[in-house]
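Visitor: One structure follows; several queries about it will come next.
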Amino acid sequence: MFDTLTLAALPAEDDALRPAVRELAESATADMPTDVRARSWMGFDRAFSRRLGAAGFLGLTLPPQYGGGGRGAFARFVVVEELLAVGAPVAAHWIADRQSAPLILNFGNEAQRRAYIPPICRGELVFCIGMSEPGAGSDLASVRTRAEATATGWRVNGQKIWTSNAVHGDYMIALVRTSGTVDDRHAGLSQLIIDLKAPGVSVRPISDLTGDAHFAEVFFDNVDLPHDALIGEAGDGWKQVTAELAFERSGPERIYSSVILLDAWITHLRTAVRDDVATLDLVGEFTARLATLRAMSLACTARLARGESPVVEASLVKDLGTGFEQELPDAIGRDLAAHPDQPVDAELYRALLYVTHIAPSFSLRGGTREILRGIIARGLGLR
Amino acid sequence: MSEFLAPFEHMLEQIVTPAAVRAIESSGDGSAMWGAIAESGFLDALVPEERGGAGLPLTEVQPLWMALGRRAVPLPVGETMIARGLCGDAPAGPIALATARAGQEVVVPSGRIAAYLLIDGGDGLHLVDTASIATTPTGVVGDLSARMRWDSLPSGGRAPPVGGLRSSAAVLRASLIAGAAERLTEMTAAYAGERLQFGKPIGRQQALQQQMAVMAEETVAARLASQLGAASGFPPRPEAAATAKSVASRAAARVAATAHAVHGAIGISAEYDLQLLTRRLHEWRLADGGEAYWNRQLGAARLASEVRSVDYVRTAIFAETR
């Protein structure tokens with residue numbers, strides 16, 4: 001069952017990237033408080049992304065002729081793991097490096113590849129994902145944002161919402177309807193690259209419960225785009241989005257979102273010299289589960305490295321991984337509050353509450369728990 | 001994929017039928033099945049080549065252990081592989097494993113079947129004829145485990161491996177659990193596709209699909225964790241063995257529960273094969289330390305280290321060096 005998900009070792013030549021990226025990541029985070037590093041892949045810093053690009057740590061899976069590293073999924077795994085392990089601010093290149101550039105490489109034409117991929121590899125372009133709409137969340141096929149063919153290209157009208165990084169973004173790859181109606185479901189959908197500075201685009205940030213405003217509403221009012229805004233074939237949007245989601249769901253960010261909090265808590269336990277049975281039980285359980293999730297994430301990476309699209313397997317790892325990420329703040333909160341006479345450092349306390357408050361999003365972003373389990377059930381032949 | 005897996009599975013398919021499993025569980029006599037497995041040569045899988053064995057790495061043996069779990073093989077095949085791999089002079093016959101001091105009664109899987117017991121008594125490994133050991137049945141129906149106790153051990157045993165015999169046993173149990181869990185998930189998905197209620201297969205119900213998805217996740221996690229334990233070598237590293245058994249034991253109880261929930265009443269009937277696997281899952285979960293035992297071992301090792309969690313996992317459990 002799901003036999004393709006099997007233990008895979010990191011190739012030595014990819015693991016060799018680790019010391020150099022670690023040095024860069026540690027220098028960028030040395031002065032960042034724990035609760036800021038706990039933002040994990042939500043932390044935004046264009047200058048840091050450019051430094052990573054200049055050092056050759058972006059676009060590792062992409063071909064050298066487009067400015068990529070020509071390496072592969074394992075090399076990217078090592079770099080991403082090192083960045084997440086210290087809570088480096090990676091949001092400014094995250095989506096572009098993870099899924100937009102591979103999407104453009106796989107489905108875009110030569111001109112699009114040459115226009116977008118090199119600056120993505122330099123860490124210069126912020127991409128966002130234009131999927132969710134007010135009436136299209138888990139039911140993604142019901143998107144209503146529409147693009148009409150015009151003499152010069154496409155005219156877009158509609159709205160996206162919950163779009164991460166749109167406030168700072170350069171481009172959005174949007175799933176839009178180019179023919180038919182909502183009743184046609186998966187048919188008639190297409191993907192367009194939208195310049196967020198184009199006339200008719202307006203972005204309104206949305207504040208979240210932690211005080212951050214990482215996501216936004218994006219409105220399209222008669223936005224005119226050229227012909228080559230279209231990625232791939234008109235009508236192939238659903239197929240392309242499905243492939244894109246395998247990239248979005250399979251990475252180590254689906255197991256490491258709470259790891260900064262985990263490490264801050266372990267430091268606290270070491271300082272407090274806690275070695276009672278309940279503490280050891282909890283620390284051991286989390287360590288064992290983290291190791292196993294890493295093995296599962298590496299197994300997914302091996303499939304990406306072979307050029308496959310592990311849609312079901314990525315869903316499986318993401319659901320299990322985000323469940324773990326969500327249990328951490330719950331259990332750590334219970335543990336700290338079980339020892340009211342042991343003082344909790346201010347940064348650890350803020351990190352705990354930040355992760356506690358944002359954790360519900362872990363099983364929403366990139367596909368809800370219920371949708372992922374539906375995909376797994378289909379993989380089991382139940383639907 | 002191990003090249004030895006297909007012939008091993010083929011052999012098990014011929015001899016380990018559900019009827020044969022039931023017969024051994026009821027009589028306690030596994031000699032015929034044991035003879036066939038012993039003849040195959042697989043018992044020397046972990047014996048180094050210079051001692052005339054196959055010298056397979058544990059990563060190649062782990063799939064064989066999963067195959068044993070899939071069929072609920074009622075004999076200490078994996079245990080004997082471990083014992084023969086560790087001891088140069090192991091006698092023929094089924095060998096069970098135990099970690100306990102003299103005078104302490106312990107439940108030993110396959111204790112009713114075993115001719116010998118390899119004991120980690122704390123000071124060393126001792127291979128002992130079970131005729132000299134006080135053995136009583138557990139009293140659990142169909143259980144081939146036995147309660148065993150010995151009052152003394154000969155002095156000067158073989159030096160135990162790092163992490164003790166229990167680490168090897170833990171990776172074996174985790175692999176057996178992973179194999180049985182996989183078979184249970186397949187059986188349960190198939191049943192959910194056939195069983196009609198409210199005019200459609202119950203597998204069409206979203207509530208059931210969500211449970212089955214979680215069952216598949218636990219099953220795959222148990223497999224990857226047991227592979228991780230095996231990848232650390234033979235004998236396995238204690239941290240990797242702890243990971244394997246912690247995750248697999250946790251999965252065992254959950255997978256068994258969902259398998260029964262989906263099957264309904266038929267699943268707890270003796271004549272249906274589900275119970276052959278779910279009873280074993282519970283036995284293997286409890287054997288050689290459950291999830292809490294291994295969590296505490298691993299938790300203590302983790303807290304003794306000042307490195308970040310990602311680095312701890314990489315170096316102590318994956319044995320990555322950089």
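Naming scheme: A, B, ... for chains in displayed order of the structure tokens; residues 1 onward per chain; ligands 1 onward as shown.
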Tell me, as JSON, numbers by chain, which residues lie within 12 Å of Leu103 (chain A), counting only C-alpha atoms; anything in the same chain fewer than 3 positions away does not count.
Guide: {"A": [61, 62, 95, 96, 97, 98, 99, 100, 106, 107, 108, 109, 112, 113, 116, 117, 127, 129, 173, 191, 192, 193, 231, 232, 237, 239, 240, 241, 242, 243, 244, 245, 246, 247, 248]}
Visitor: Quick one: contact table of chain A to chain B, 8 Å max, nearest atom pair and distance in Å to one decimal per residue, counting only C-alpha atoms, chain and number order, as JSON lines?
Guide:
{"residue": "A:Met1", "atom": "CA", "partner": "B:Glu182", "partner_atom": "CA", "distance": 6.6}
{"residue": "A:Phe2", "atom": "CA", "partner": "B:Val220", "partner_atom": "CA", "distance": 7.6}
{"residue": "A:Leu5", "atom": "CA", "partner": "B:Val220", "partner_atom": "CA", "distance": 7.9}
{"residue": "A:Thr6", "atom": "CA", "partner": "B:Leu224", "partner_atom": "CA", "distance": 6.6}
{"residue": "A:Leu7", "atom": "CA", "partner": "B:Leu224", "partner_atom": "CA", "distance": 6.2}
{"residue": "A:Asp15", "atom": "CA", "partner": "B:Arg322", "partner_atom": "CA", "distance": 7.3}
{"residue": "A:Ala16", "atom": "CA", "partner": "B:Arg322", "partner_atom": "CA", "distance": 7.5}
{"residue": "A:Arg18", "atom": "CA", "partner": "B:Arg322", "partner_atom": "CA", "distance": 7.6}
{"residue": "A:Pro19", "atom": "CA", "partner": "B:Arg322", "partner_atom": "CA", "distance": 8.0}
{"residue": "A:Ala85", "atom": "CA", "partner": "B:Val310", "partner_atom": "CA", "distance": 6.3}
{"residue": "A:Val259", "atom": "CA", "partner": "B:Ser309", "partner_atom": "CA", "distance": 7.4}
{"residue": "A:Leu262", "atom": "CA", "partner": "B:Ser309", "partner_atom": "CA", "distance": 7.7}
{"residue": "A:Asp263", "atom": "CA", "partner": "B:Arg308", "partner_atom": "CA", "distance": 6.1}
{"residue": "A:Ile266", "atom": "CA", "partner": "B:Leu303", "partner_atom": "CA", "distance": 7.1}
{"residue": "A:Thr267", "atom": "CA", "partner": "B:Glu306", "partner_atom": "CA", "distance": 7.7}
{"residue": "A:Leu269", "atom": "CA", "partner": "B:Leu303", "partner_atom": "CA", "distance": 7.8}
{"residue": "A:Arg270", "atom": "CA", "partner": "B:Leu303", "partner_atom": "CA", "distance": 6.5}
{"residue": "A:Asp275", "atom": "CA", "partner": "B:Ala300", "partner_atom": "CA", "distance": 7.4}
{"residue": "A:Val277", "atom": "CA", "partner": "B:Arg296", "partner_atom": "CA", "distance": 6.7}
{"residue": "A:Thr279", "atom": "CA", "partner": "B:Gly299", "partner_atom": "CA", "distance": 7.8}
{"residue": "A:Leu280", "atom": "CA", "partner": "B:Gly299", "partner_atom": "CA", "distance": 4.4}
{"residue": "A:Asp281", "atom": "CA", "partner": "B:Arg296", "partner_atom": "CA", "distance": 4.6}
{"residue": "A:Leu282", "atom": "CA", "partner": "B:Asn295", "partner_atom": "CA", "distance": 7.1}
{"residue": "A:Val283", "atom": "CA", "partner": "B:Gly299", "partner_atom": "CA", "distance": 4.8}
{"residue": "A:Gly284", "atom": "CA", "partner": "B:Gly299", "partner_atom": "CA", "distance": 3.6}
{"residue": "A:Glu285", "atom": "CA", "partner": "B:Asn295", "partner_atom": "CA", "distance": 5.1}
{"residue": "A:Thr287", "atom": "CA", "partner": "B:Val313", "partner_atom": "CA", "distance": 7.1}
{"residue": "A:Ala288", "atom": "CA", "partner": "B:Thr243", "partner_atom": "CA", "distance": 4.5}
{"residue": "A:Arg289", "atom": "CA", "partner": "B:Val247", "partner_atom": "CA", "distance": 6.6}
{"residue": "A:Leu290", "atom": "CA", "partner": "B:Val313", "partner_atom": "CA", "distance": 7.5}
{"residue": "A:Ala291", "atom": "CA", "partner": "B:Val313", "partner_atom": "CA", "distance": 5.7}
{"residue": "A:Thr292", "atom": "CA", "partner": "B:Ala225", "partner_atom": "CA", "distance": 5.3}
{"residue": "A:Leu293", "atom": "CA", "partner": "B:Ala221", "partner_atom": "CA", "distance": 7.5}
{"residue": "A:Ala295", "atom": "CA", "partner": "B:Leu224", "partner_atom": "CA", "distance": 6.4}
{"residue": "A:Met296", "atom": "CA", "partner": "B:Leu224", "partner_atom": "CA", "distance": 6.6}
{"residue": "A:Leu316", "atom": "CA", "partner": "B:Glu217", "partner_atom": "CA", "distance": 6.0}
{"residue": "A:Val317", "atom": "CA", "partner": "B:Glu217", "partner_atom": "CA", "distance": 7.6}
{"residue": "A:Leu320", "atom": "CA", "partner": "B:Glu217", "partner_atom": "CA", "distance": 6.7}
{"residue": "A:Glu370", "atom": "CA", "partner": "B:Gln210", "partner_atom": "CA", "distance": 7.2}
{"residue": "A:Arg373", "atom": "CA", "partner": "B:Ala213", "partner_atom": "CA", "distance": 5.3}
{"residue": "A:Gly374", "atom": "CA", "partner": "B:Gln209", "partner_atom": "CA", "distance": 6.7}
{"residue": "A:Ile376", "atom": "CA", "partner": "B:Ala213", "partner_atom": "CA", "distance": 5.5}
{"residue": "A:Ala377", "atom": "CA", "partner": "B:Gln209", "partner_atom": "CA", "distance": 5.5}
{"residue": "A:Leu380", "atom": "CA", "partner": "B:Ala189", "partner_atom": "CA", "distance": 6.5}
{"residue": "A:Gly381", "atom": "CA", "partner": "B:Ala189", "partner_atom": "CA", "distance": 7.4}
{"residue": "A:Leu382", "atom": "CA", "partner": "B:Gly203", "partner_atom": "CA", "distance": 5.3}
{"residue": "A:Arg383", "atom": "CA", "partner": "B:Arg204", "partner_atom": "CA", "distance": 6.2}
Visitor: Identify, on the basis of only C-alpha atoms, every residue whose closest approach to region 323-330 of chain A does not exceed 9 Å; exclude the query and any residue fewer than 3 positions from it along the same chain; express the result as a list of chain:residue names.
Guide: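 That gives A:Arg254, A:Ile255, A:Tyr256, A:Ser257, A:Ser258, A:Val259, A:Leu261, A:Leu262, A:Phe286, A:Arg289, A:Leu290, A:Leu293, A:Lys318, A:Asp319, A:Leu320, A:Gly333, A:Arg334, A:Asp335, A:Leu352, A:Leu353, A:Val355, A:Thr356, A:Ala359, A:Pro360, A:Phe362, A:Ser363, A:Arg369.
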Visitor: Would you export the selected residues with C-alpha atoms as a short mmCIF file (atom, residue, chain, number, x, y, z; two decimals), in the first residue's frame, please?
Guide:
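File produced: result26.cif:
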data_model
loop_
_atom_site.label_atom_id
_atom_site.label_comp_id
_atom_site.auth_asym_id
_atom_site.auth_seq_id
_atom_site.Cartn_x
_atom_site.Cartn_y
_atom_site.Cartn_z
CA ARG A 254 4.62 20.57 6.43
CA ILE A 255 6.47 19.01 9.35
CA TYR A 256 8.69 21.85 10.64
CA SER A 257 6.24 24.76 11.12
CA SER A 258 6.40 24.41 14.93
CA VAL A 259 10.01 23.28 15.25
CA LEU A 261 8.81 26.34 19.43
CA LEU A 262 9.82 22.71 20.01
CA PHE A 286 7.83 14.15 19.61
CA ARG A 289 7.35 11.35 15.34
CA LEU A 290 9.54 14.11 13.94
CA LEU A 293 7.79 12.47 9.41
CA LYS A 318 0.91 16.78 4.85
CA ASP A 319 -2.07 15.57 6.88
CA LEU A 320 0.08 13.64 9.32
CA GLY A 333 1.22 24.66 26.59
CA ARG A 334 -0.15 21.87 28.76
CA ASP A 335 3.34 20.99 29.93
CA LEU A 352 4.03 29.47 22.32
CA LEU A 353 1.06 31.80 22.01
CA VAL A 355 2.13 29.17 17.30
CA THR A 356 -0.96 28.26 19.35
CA ALA A 359 -1.71 26.62 14.26
CA PRO A 360 -5.28 26.18 12.96
CA PHE A 362 -1.58 24.64 9.25
CA SER A 363 -4.37 22.27 8.27
CA ARG A 369 -7.41 18.19 6.39
#
Visitor: Suppose you want the space between CA of Ala8 (chain A) and CA of Val78 (chain A); what is it in Å?
Guide: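 Between these atoms lies a distance of 13.4 Å.
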Visitor: Which one is closest to His263 (chain B): B:Ile95, B:Ile37, B:Leu196, B:Met148? Count only C-alpha atoms.
Guide: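 Using only C-alpha atoms, the shortest distance to His263 (chain B) belongs to B:Leu196.
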Visitor: Env of Glu79 (chain B): 8 Å cut, atoms = only C-alpha atoms, seq-sep filter 5 positions within chain, self excluded. Answer as number ranges by chain.
Guide: B: 95-97, 169, 172
Visitor: Next, write the just-selected residues to a file, as an mmCIF file, in the first residue's frame, keeping N, CA and C atoms as the atom set.
Guide:
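Result file part.cif:
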data_model
loop_
_atom_site.group_PDB
_atom_site.id
_atom_site.type_symbol
_atom_site.label_atom_id
_atom_site.label_comp_id
_atom_site.auth_asym_id
_atom_site.auth_seq_id
_atom_site.Cartn_x
_atom_site.Cartn_y
_atom_site.Cartn_z
ATOM 1 N N ILE B 95 14.021 -20.005 18.240
ATOM 2 C CA ILE B 95 14.599 -19.275 19.375
ATOM 3 C C ILE B 95 13.746 -18.035 19.647
ATOM 4 N N ALA B 96 13.314 -17.865 20.885
ATOM 5 C CA ALA B 96 12.596 -16.650 21.280
ATOM 6 C C ALA B 96 13.571 -15.707 21.986
ATOM 7 N N LEU B 97 13.158 -14.451 22.164
ATOM 8 C CA LEU B 97 14.023 -13.436 22.763
ATOM 9 C C LEU B 97 13.396 -12.912 24.048
ATOM 10 N N ALA B 169 14.961 -6.492 19.099
ATOM 11 C CA ALA B 169 13.586 -6.982 19.198
ATOM 12 C C ALA B 169 12.589 -5.876 18.852
ATOM 13 N N LEU B 172 12.276 -5.540 15.133
ATOM 14 C CA LEU B 172 11.489 -6.682 14.652
ATOM 15 C C LEU B 172 10.003 -6.458 14.908
#
Visitor: Just the residues within 10 Å of region 180-183 of chain A, please, counting only C-alpha atoms, with nothing from its chain fewer than 2 positions along; format it as a list in words.
Guide: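 Counting only C-alpha atoms, the residues come to Ala141, Ser142, Val143, Arg144, Arg146, Arg177, Thr178, Arg185, His186, Ala187, Gly188, Leu189 and Gly235 of chain A.
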Visitor: Could you turn the residues from that selection into a file that holds C-alpha atoms, as a CSV table (one decimal), in the first residue's frame?
Guide:
chain,number,residue,atom,x,y,z
A,141,ALA,CA,-13.3,24.1,-9.0
A,142,SER,CA,-16.1,26.6,-8.3
A,143,VAL,CA,-13.8,29.6,-9.0
A,144,ARG,CA,-15.7,32.5,-10.6
A,146,ARG,CA,-13.1,35.1,-15.2
A,177,ARG,CA,-12.4,30.5,-15.7
A,178,THR,CA,-11.7,31.1,-19.4
A,185,ARG,CA,-16.4,22.3,-12.8
A,186,HIS,CA,-12.9,21.3,-13.9
A,187,ALA,CA,-13.4,22.0,-17.6
A,188,GLY,CA,-12.8,25.6,-18.8
A,189,LEU,CA,-10.2,26.5,-16.1
A,235,GLY,CA,-8.7,24.7,-20.3
Visitor: With distances taken over only C-alpha atoms, which residue among A:Val80, A:Ala174, A:Leu58, A:Val203 lies nearest Ile120 (chain A)?
Guide: A:Leu58
Visitor: Take CA of Arg101 (chain B) and CA of Gly156 (chain B) and report the distance between them in Å, one decimal.
Guide: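 Between CA of Arg101 (chain B) and CA of Gly156 (chain B) the gap works out to 14.4 Å.
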Visitor: I'd like the contact shell of Arg306 (chain A) - 9 Å cut-off, only C-alpha atoms, skipping same-chain residues fewer than 4 positions apart - returned as a PyMOL selection string.
Guide: chain A and resi 73+301-302
Visitor: Please write the residues from the selection above to a file, keeping N, CA and C atoms, as a CSV table (one decimal), in the first residue's frame.
Guide:
chain,number,residue,atom,x,y,z
A,73,ALA,N,15.5,17.7,-6.3
A,73,ALA,CA,14.6,17.8,-5.2
A,73,ALA,C,15.4,17.6,-3.8
A,301,THR,N,10.1,13.4,-1.4
A,301,THR,CA,11.1,14.1,-2.1
A,301,THR,C,11.8,13.1,-3.2
A,302,ALA,N,12.0,11.9,-2.8
A,302,ALA,CA,12.5,10.9,-3.8
A,302,ALA,C,11.7,10.8,-5.0
Visitor: Near Tyr272 (chain B), within 12 Å and counting only C-alpha atoms, which residues show up once chain neighbours fewer than 6 positions away are dropped, as a list in words?
Guide: Pro18, Ala19, Arg22, Met187, His260, His263, Gly264, Ala265, Ile266 and Thr278 of chain B
Visitor: One number please: CA of Asp35 (chain A) to CA of Arg350 (chain A), in Å, one decimal.
Guide: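 A separation of 5.7 Å between them.
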